[in-house]
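Colleague: File name protein_18.pdb; file contents PDB, C-alpha atoms; full text below.
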```
ATOM      1  CA  MET M   1      -6.828  37.380  69.314  1.00  0.00           C
ATOM      2  CA  ASP M   2      -8.583  34.025  69.038  1.00  0.00           C
ATOM      3  CA  ASN M   3      -6.532  31.504  67.001  1.00  0.00           C
ATOM      4  CA  ASN M   4      -9.369  28.921  66.962  1.00  0.00           C
ATOM      5  CA  LYS M   5     -11.540  30.984  64.612  1.00  0.00           C
ATOM      6  CA  GLN M   6      -8.849  31.481  62.000  1.00  0.00           C
ATOM      7  CA  GLN M   7      -8.557  28.815  59.233  1.00  0.00           C
ATOM      8  CA  PRO M   8      -5.162  27.168  58.726  1.00  0.00           C
ATOM      9  CA  VAL M   9      -3.260  28.515  55.705  1.00  0.00           C
ATOM     10  CA  VAL M  10      -1.414  26.230  53.288  1.00  0.00           C
ATOM     11  CA  ILE M  11       0.806  28.086  50.872  1.00  0.00           C
ATOM     12  CA  GLY M  12      -1.458  31.051  50.871  1.00  0.00           C
ATOM     13  CA  GLN M  13      -4.781  29.134  50.693  1.00  0.00           C
ATOM     14  CA  THR M  14      -7.196  28.056  53.350  1.00  0.00           C
ATOM     15  CA  LEU M  15      -8.488  24.476  53.647  1.00  0.00           C
ATOM     16  CA  PRO M  16     -11.956  25.334  52.260  1.00  0.00           C
ATOM     17  CA  GLU M  17     -10.307  26.975  49.237  1.00  0.00           C
ATOM     18  CA  LEU M  18      -8.119  23.906  48.746  1.00  0.00           C
ATOM     19  CA  ALA M  19     -11.156  21.631  49.090  1.00  0.00           C
ATOM     20  CA  ARG M  20     -13.054  23.634  46.435  1.00  0.00           C
ATOM     21  CA  GLN M  21     -10.016  23.569  44.163  1.00  0.00           C
ATOM     22  CA  ASN M  22      -9.627  19.817  44.731  1.00  0.00           C
ATOM     23  CA  ALA M  23     -13.317  19.205  43.927  1.00  0.00           C
ATOM     24  CA  LYS M  24     -12.994  21.286  40.774  1.00  0.00           C
ATOM     25  CA  LEU M  25      -9.866  19.335  39.705  1.00  0.00           C
ATOM     26  CA  GLU M  26     -11.649  16.034  40.400  1.00  0.00           C
ATOM     27  CA  GLN M  27     -14.548  17.157  38.176  1.00  0.00           C
ATOM     28  CA  GLN M  28     -12.120  18.115  35.412  1.00  0.00           C
ATOM     29  CA  LEU M  29     -10.348  14.790  35.790  1.00  0.00           C
ATOM     30  CA  ALA M  30     -13.649  12.891  35.618  1.00  0.00           C
ATOM     31  CA  GLN M  31     -14.649  14.885  32.502  1.00  0.00           C
ATOM     32  CA  GLN M  32     -11.286  14.154  30.852  1.00  0.00           C
ATOM     33  CA  ALA M  33     -11.630  10.452  31.718  1.00  0.00           C
ATOM     34  CA  LYS M  34     -15.055  10.448  29.972  1.00  0.00           C
ATOM     35  CA  GLU M  35     -13.567  12.169  26.925  1.00  0.00           C
ATOM     36  CA  ILE M  36     -10.684   9.680  26.834  1.00  0.00           C
ATOM     37  CA  LYS M  37     -13.163   6.791  27.010  1.00  0.00           C
ATOM     38  CA  LEU M  38     -15.226   8.281  24.159  1.00  0.00           C
ATOM     39  CA  LEU M  39     -12.108   8.853  22.041  1.00  0.00           C
ATOM     40  CA  THR M  40     -10.835   5.339  22.787  1.00  0.00           C
ATOM     41  CA  ASP M  41     -14.182   3.843  21.740  1.00  0.00           C
ATOM     42  CA  TYR M  42     -14.159   5.996  18.595  1.00  0.00           C
ATOM     43  CA  CYS M  43     -10.602   4.830  17.758  1.00  0.00           C
ATOM     44  CA  LYS M  44     -11.684   1.212  18.206  1.00  0.00           C
ATOM     45  CA  GLU M  45     -14.585   1.805  15.795  1.00  0.00           C
ATOM     46  CA  LEU M  46     -12.257   3.434  13.277  1.00  0.00           C
ATOM     47  CA  LEU M  47      -9.771   0.560  13.520  1.00  0.00           C
ATOM     48  CA  SER M  48     -12.557  -1.939  13.013  1.00  0.00           C
ATOM     49  CA  GLU M  49     -13.882  -0.009  10.013  1.00  0.00           C
ATOM     50  CA  ASN M  50     -10.334   0.278   8.667  1.00  0.00           C
ATOM     51  CA  GLN M  51      -9.917  -3.517   8.825  1.00  0.00           C
ATOM     52  CA  VAL M  52     -13.199  -4.031   6.982  1.00  0.00           C
ATOM     53  CA  LEU M  53     -12.191  -1.528   4.283  1.00  0.00           C
ATOM     54  CA  ARG M  54      -8.730  -3.090   3.931  1.00  0.00           C
ATOM     55  CA  ALA M  55     -10.344  -6.497   3.505  1.00  0.00           C
ATOM     56  CA  LYS M  56     -12.653  -5.088   0.814  1.00  0.00           C
ATOM     57  CA  LEU M  57      -9.710  -3.376  -0.884  1.00  0.00           C
ATOM     58  CA  ASN M  58      -7.734  -6.607  -0.914  1.00  0.00           C
ATOM     59  CA  LEU M  59     -10.688  -8.356  -2.526  1.00  0.00           C
ATOM     60  CA  GLN M  60     -11.040  -5.638  -5.141  1.00  0.00           C
ATOM     61  CA  ASP M  61      -7.298  -5.174  -5.588  1.00  0.00           C
ATOM     62  CA  GLY M  62      -6.454  -8.761  -6.332  1.00  0.00           C
ATOM     63  CA  SER M  63      -7.447 -10.952  -9.199  1.00  0.00           C
ATOM     64  CA  PRO M  64      -8.202 -14.605  -8.545  1.00  0.00           C
ATOM     65  CA  ASP M  65      -4.640 -15.394  -9.710  1.00  0.00           C
ATOM     66  CA  GLY M  66      -3.069 -13.045  -7.154  1.00  0.00           C
ATOM     67  CA  TYR M  67      -2.464  -9.893  -9.250  1.00  0.00           C
ATOM     68  CA  LYS M  68      -2.598  -6.665  -7.230  1.00  0.00           C
ATOM     69  CA  SER M  69      -2.985  -3.279  -8.838  1.00  0.00           C
ATOM     70  CA  SER M  70      -1.191  -1.717  -5.845  1.00  0.00           C
ATOM     71  CA  TRP M  71       2.106  -3.346  -6.873  1.00  0.00           C
ATOM     72  CA  HIS M  72       4.880  -1.311  -8.446  1.00  0.00           C
ATOM     73  CA  TRP M  73       5.005  -1.554 -12.243  1.00  0.00           C
ATOM     74  CA  TYR M  74       8.172  -3.670 -12.220  1.00  0.00           C
ATOM     75  CA  LYS M  75       6.409  -6.227 -10.023  1.00  0.00           C
ATOM     76  CA  LYS M  76       3.348  -6.174 -12.310  1.00  0.00           C
ATOM     77  CA  ILE M  77       5.490  -6.865 -15.378  1.00  0.00           C
ATOM     78  CA  THR M  78       7.435  -9.708 -13.777  1.00  0.00           C
ATOM     79  CA  TRP M  79       4.228 -11.176 -12.342  1.00  0.00           C
ATOM     80  CA  LEU M  80       2.625 -11.227 -15.799  1.00  0.00           C
ATOM     81  CA  LEU M  81       5.648 -12.930 -17.344  1.00  0.00           C
ATOM     82  CA  LYS M  82       5.776 -15.487 -14.551  1.00  0.00           C
ATOM     83  CA  ASN M  83       2.026 -16.056 -14.693  1.00  0.00           C
ATOM     84  CA  GLU M  84       2.006 -16.515 -18.487  1.00  0.00           C
ATOM     85  CA  ASN M  85       5.247 -18.541 -18.290  1.00  0.00           C
ATOM     86  CA  ARG M  86       6.319 -17.392 -21.741  1.00  0.00           C
ATOM     87  CA  PRO M  87       8.093 -14.446 -23.367  1.00  0.00           C
ATOM     88  CA  MET M  88       5.682 -11.671 -24.282  1.00  0.00           C
ATOM     89  CA  LEU M  89       5.653  -8.705 -26.637  1.00  0.00           C
ATOM     90  CA  SER M  90       4.865  -5.322 -25.134  1.00  0.00           C
ATOM     91  CA  GLN M  91       1.471  -5.347 -26.884  1.00  0.00           C
ATOM     92  CA  GLU M  92       0.638  -8.647 -25.174  1.00  0.00           C
ATOM     93  CA  LEU M  93       1.648  -7.188 -21.829  1.00  0.00           C
ATOM     94  CA  ILE M  94      -0.515  -4.136 -22.516  1.00  0.00           C
ATOM     95  CA  THR M  95      -3.517  -6.333 -23.362  1.00  0.00           C
ATOM     96  CA  GLN M  96      -3.124  -8.304 -20.128  1.00  0.00           C
ATOM     97  CA  LEU M  97      -2.622  -5.171 -18.021  1.00  0.00           C
ATOM     98  CA  GLN M  98      -5.738  -3.593 -19.492  1.00  0.00           C
ATOM     99  CA  LYS M  99      -7.716  -6.643 -18.397  1.00  0.00           C
ATOM    100  CA  LEU M 100      -6.287  -6.689 -14.887  1.00  0.00           C
ATOM    101  CA  ASP M 101      -5.514  -3.111 -13.882  1.00  0.00           C
ATOM    102  CA  ASP M 102      -8.054  -0.257 -13.681  1.00  0.00           C
ATOM    103  CA  ASN M 103      -5.312   2.377 -13.438  1.00  0.00           C
ATOM    104  CA  PHE M 104      -3.640   1.083 -16.582  1.00  0.00           C
ATOM    105  CA  ARG M 105      -6.957   0.671 -18.403  1.00  0.00           C
ATOM    106  CA  HIS M 106      -7.614   4.417 -18.057  1.00  0.00           C
ATOM    107  CA  ASN M 107      -4.102   5.461 -19.089  1.00  0.00           C
ATOM    108  CA  THR M 108      -4.172   7.820 -22.067  1.00  0.00           C
ATOM    109  CA  ASN M 109      -0.855   6.520 -23.484  1.00  0.00           C
ATOM    110  CA  PRO M 110      -0.462   2.896 -22.385  1.00  0.00           C
ATOM    111  CA  VAL M 111       2.237   2.105 -24.980  1.00  0.00           C
ATOM    112  CA  GLY M 112       4.522   4.968 -23.953  1.00  0.00           C
ATOM    113  CA  PHE M 113       3.806   4.424 -20.277  1.00  0.00           C
ATOM    114  CA  LEU M 114       4.646   0.720 -20.308  1.00  0.00           C
ATOM    115  CA  SER M 115       7.576   1.182 -22.690  1.00  0.00           C
ATOM    116  CA  ALA M 116       9.380   3.358 -20.143  1.00  0.00           C
ATOM    117  CA  TYR M 117       8.988   0.708 -17.441  1.00  0.00           C
ATOM    118  CA  LEU M 118      10.014  -2.119 -19.768  1.00  0.00           C
ATOM    119  CA  THR M 119      13.165  -0.240 -20.790  1.00  0.00           C
ATOM    120  CA  ASN M 120      14.103   0.538 -17.185  1.00  0.00           C
ATOM    121  CA  ALA M 121      13.296  -2.985 -15.996  1.00  0.00           C
ATOM    122  CA  ALA M 122      15.550  -4.412 -18.721  1.00  0.00           C
ATOM    123  CA  LYS M 123      18.372  -1.989 -17.803  1.00  0.00           C
ATOM    124  CA  ARG M 124      18.043  -3.041 -14.169  1.00  0.00           C
ATOM    125  CA  LYS M 125      18.110  -6.698 -15.273  1.00  0.00           C
ATOM    126  CA  LEU M 126      14.685  -7.328 -13.712  1.00  0.00           C
ATOM    127  CA  ILE M 127      13.586  -8.691 -17.062  1.00  0.00           C
ATOM    128  CA  GLY M 128      15.356  -9.785 -20.207  1.00  0.00           C
ATOM    129  CA  LYS M 129      14.560  -8.852 -23.779  1.00  0.00           C
ATOM    130  CA  HIS M 130      14.913 -10.925 -26.892  1.00  0.00           C
ATOM    131  CA  LYS M 131      14.811  -9.654 -30.481  1.00  0.00           C
ATOM    132  CA  GLN M 132      13.164 -12.224 -32.705  1.00  0.00           C
ATOM    133  CA  PRO M 133      13.975 -11.762 -36.414  1.00  0.00           C
ATOM    134  CA  GLY M 134      10.890 -10.885 -38.416  1.00  0.00           C
ATOM    135  CA  THR M 135       9.036  -9.587 -35.343  1.00  0.00           C
ATOM    136  CA  ARG M 136       8.561  -5.938 -34.583  1.00  0.00           C
ATOM    137  CA  GLY M 137       9.771  -5.065 -31.084  1.00  0.00           C
ATOM    138  CA  TYR M 138      11.193  -7.256 -28.356  1.00  0.00           C
ATOM    139  CA  TYR M 139       9.968 -10.256 -26.490  1.00  0.00           C
ATOM    140  CA  TYR M 140      10.280  -9.635 -22.760  1.00  0.00           C
ATOM    141  CA  CYS M 141      11.101 -12.487 -20.429  1.00  0.00           C
ATOM    142  CA  LEU M 142      12.290 -13.307 -16.938  1.00  0.00           C
ATOM    143  CA  PRO M 143      16.092 -13.142 -16.577  1.00  0.00           C
ATOM    144  CA  HIS M 144      16.495 -16.826 -15.698  1.00  0.00           C
ATOM    145  CA  TRP M 145      14.916 -17.762 -19.033  1.00  0.00           C
ATOM    146  CA  MET M 146      18.069 -16.453 -20.714  1.00  0.00           C
ATOM    147  CA  LYS M 147      21.624 -17.718 -20.729  1.00  0.00           C
ATOM    148  CA  ASP M 148      24.378 -15.325 -21.830  1.00  0.00           C
ATOM    149  CA  ASN M 149      21.692 -12.877 -23.063  1.00  0.00           C
ATOM    150  CA  VAL M 150      20.170 -15.536 -25.339  1.00  0.00           C
ATOM    151  CA  LEU M 151      16.698 -16.925 -24.782  1.00  0.00           C
ATOM    152  CA  GLU M 152      16.866 -20.586 -23.818  1.00  0.00           C
ATOM    153  CA  LEU M 153      15.548 -23.107 -26.328  1.00  0.00           C
ATOM    154  CA  GLU M 154      12.560 -24.093 -24.171  1.00  0.00           C
ATOM    155  CA  TYR M 155      11.263 -20.510 -24.307  1.00  0.00           C
ATOM    156  CA  LEU M 156      12.476 -19.823 -27.846  1.00  0.00           C
ATOM    157  CA  LYS M 157      10.174 -22.623 -29.078  1.00  0.00           C
ATOM    158  CA  MET M 158       7.195 -20.756 -27.600  1.00  0.00           C
ATOM    159  CA  LEU M 159       7.704 -17.912 -30.062  1.00  0.00           C
ATOM    160  CA  TYR M 160       6.821 -20.055 -33.081  1.00  0.00           C
TER     161      TYR M 160
END
```
Would you kindly transcribe this structure into structure tokens?

Modeller:
Amino acid sequence: MDNNKQQPVVIGQTLPELARQNAKLEQQLAQQAKEIKLLTDYCKELLSENQVLRAKLNLQDGSPDGYKSSWHWYKKITWLLKNENRPMLSQELITQLQKLDDNFRHNTNPVGFLSAYLTNAAKRKLIGKHKQPGTRGYYYCLPHWMKDNVLELEYLKMLY
């Protein structure tokens, strides 16, 4: 028996078999590296496009004064009061929201919709409300405009 003609065996495989298997694995690895590169490039493109779209959304979403339609309704209400710097009736708030907010503009029941948020915001003390004799409804204001649940004189004068 001639031992020189027999190929060495490594865990049941000969060197040529291992070499073929190694070459095949290297090809698979090279193919996966190409796929990873393509996916990485694609992710970079998507991130870049995402940044552009976010920038466009921020331009569309904000008014020149800083209003953003993506804010929660409590934030929108307090922003309007702060921006106007005066107590406002719900109808005045509705008028301003219809000018600034596409979602609100297309609401089928803006009075009922806003009324629920105004009531909850007042209960949570995010805003105050003042009943002016002779006026239907409440004037809504920022909490620091009131002292002991009474509208301060500076803001009370704005109602006349």

Colleague: If we count all atoms listed in the file and set the cut-off at 9 Å, which residues sit around His144 (chain M), ignoring sequence neighbours fewer than 6 positions away in its own chain? Please answer as a short mmCIF file (atom, residue, chain, number, x, y, z; two decimals) with C-alpha atoms, in the frame of the given file.

Modeller:
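Okay, out-v2.cif is ready:
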```
data_model
loop_
_atom_site.label_atom_id
_atom_site.label_comp_id
_atom_site.auth_asym_id
_atom_site.auth_seq_id
_atom_site.Cartn_x
_atom_site.Cartn_y
_atom_site.Cartn_z
CA ILE M 127 13.59 -8.69 -17.06
CA GLY M 128 15.36 -9.78 -20.21
CA GLU M 152 16.87 -20.59 -23.82
#
```

Colleague: Pick out the closest residue to Leu159 (chain M) from this set: M:Asn120, M:Thr135, M:Gln31, M:Asn103. Count all atoms listed in the file.

Modeller: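 The answer is M:Thr135, which sits nearest to Leu159 (chain M).
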
Colleague: For a quick check of understanding, using all atoms listed in the file, which of M:Leu38, M:Leu46, M:Ile94, M:Val150 has the smallest distance to Trp73 (chain M)?

Modeller: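 Under the stated criterion, the closest residue is M:Ile94.
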
Colleague: Hey, which of M:Tyr117, M:Pro87, M:Asn22, M:Val52 ends up closest to Leu153 (chain M)? Count all atoms listed in the file.

Modeller: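 Between M:Tyr117, M:Pro87, M:Asn22, M:Val52, the residue approaching Leu153 (chain M) most closely is M:Pro87.
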
Colleague: Find the residues with any atom within 12 Å of (-6.5, -2.7, -15.8); use all atoms listed in the file and the coordinates as given in the file, and write the answer as a short mmCIF file (atom, residue, chain, number, x, y, z; two decimals) with C-alpha atoms, in the frame of the given file.

Modeller:
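What ended up in result36.cif:
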```cif
data_model
loop_
_atom_site.label_atom_id
_atom_site.label_comp_id
_atom_site.auth_asym_id
_atom_site.auth_seq_id
_atom_site.Cartn_x
_atom_site.Cartn_y
_atom_site.Cartn_z
CA GLN M 60 -11.04 -5.64 -5.14
CA ASP M 61 -7.30 -5.17 -5.59
CA GLY M 62 -6.45 -8.76 -6.33
CA SER M 63 -7.45 -10.95 -9.20
CA TYR M 67 -2.46 -9.89 -9.25
CA LYS M 68 -2.60 -6.66 -7.23
CA SER M 69 -2.98 -3.28 -8.84
CA SER M 70 -1.19 -1.72 -5.84
CA LYS M 76 3.35 -6.17 -12.31
CA LEU M 93 1.65 -7.19 -21.83
CA ILE M 94 -0.52 -4.14 -22.52
CA THR M 95 -3.52 -6.33 -23.36
CA GLN M 96 -3.12 -8.30 -20.13
CA LEU M 97 -2.62 -5.17 -18.02
CA GLN M 98 -5.74 -3.59 -19.49
CA LYS M 99 -7.72 -6.64 -18.40
CA LEU M 100 -6.29 -6.69 -14.89
CA ASP M 101 -5.51 -3.11 -13.88
CA ASP M 102 -8.05 -0.26 -13.68
CA ASN M 103 -5.31 2.38 -13.44
CA PHE M 104 -3.64 1.08 -16.58
CA ARG M 105 -6.96 0.67 -18.40
CA HIS M 106 -7.61 4.42 -18.06
CA ASN M 107 -4.10 5.46 -19.09
CA PRO M 110 -0.46 2.90 -22.38
#
```

Colleague: Between M:Gln28, M:Thr108, M:Leu114, M:Asn85, which one has atoms that come closest to Cys141 (chain M), using only C-alpha atoms?

Modeller: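 Ranking M:Gln28, M:Thr108, M:Leu114, M:Asn85 by distance to Cys141 (chain M), first place goes to M:Asn85.
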
Colleague: Please report the interatomic distance between CA of Pro143 (chain M) and CA of Thr78 (chain M) in Å with one decimal.

Modeller: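 Between CA of Pro143 (chain M) and CA of Thr78 (chain M) the gap is 9.7 Å.
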
Colleague: Rounded to one decimal in Å, what is the spacing between CA of Leu81 (chain M) and CA of Arg136 (chain M)?

Modeller: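 Atom-to-atom, CA of Leu81 (chain M) and CA of Arg136 (chain M) are spaced 18.8 Å apart.
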
Colleague: Tell me, in Å to one decimal, how far CA of Leu89 (chain M) is from CA of Gly137 (chain M).

Modeller: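 So the answer is 7.1 Å.
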
Colleague: Put the listed atoms of region 140-143 of chain M in a box along x, y and z with 4 Å added on every side and give me the centre and edge lengths in Å to one decimal, as lines of an AutoDock Vina configuration file.

Modeller:
```
center_x = 13.2
center_y = -11.5
center_z = -19.7
size_x = 13.8
size_y = 11.7
size_z = 14.2
```

Colleague: List the spatial neighbours of Leu156 (chain M) as a short mmCIF file (atom, residue, chain, number, x, y, z; two decimals) with C-alpha atoms, in the coordinates of the input - criterion: any atom at most 12 Å away, all atoms listed in the file, same-chain residues fewer than 3 positions off excluded.

Modeller:
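So result_1.cif came out as:
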```cif
data_model
loop_
_atom_site.label_atom_id
_atom_site.label_comp_id
_atom_site.auth_asym_id
_atom_site.auth_seq_id
_atom_site.Cartn_x
_atom_site.Cartn_y
_atom_site.Cartn_z
CA ARG M 86 6.32 -17.39 -21.74
CA PRO M 87 8.09 -14.45 -23.37
CA MET M 88 5.68 -11.67 -24.28
CA LYS M 129 14.56 -8.85 -23.78
CA HIS M 130 14.91 -10.92 -26.89
CA LYS M 131 14.81 -9.65 -30.48
CA GLN M 132 13.16 -12.22 -32.70
CA PRO M 133 13.98 -11.76 -36.41
CA TYR M 139 9.97 -10.26 -26.49
CA TYR M 140 10.28 -9.64 -22.76
CA CYS M 141 11.10 -12.49 -20.43
CA TRP M 145 14.92 -17.76 -19.03
CA MET M 146 18.07 -16.45 -20.71
CA LYS M 147 21.62 -17.72 -20.73
CA VAL M 150 20.17 -15.54 -25.34
CA LEU M 151 16.70 -16.92 -24.78
CA GLU M 152 16.87 -20.59 -23.82
CA LEU M 153 15.55 -23.11 -26.33
CA LEU M 159 7.70 -17.91 -30.06
CA TYR M 160 6.82 -20.06 -33.08
#
```
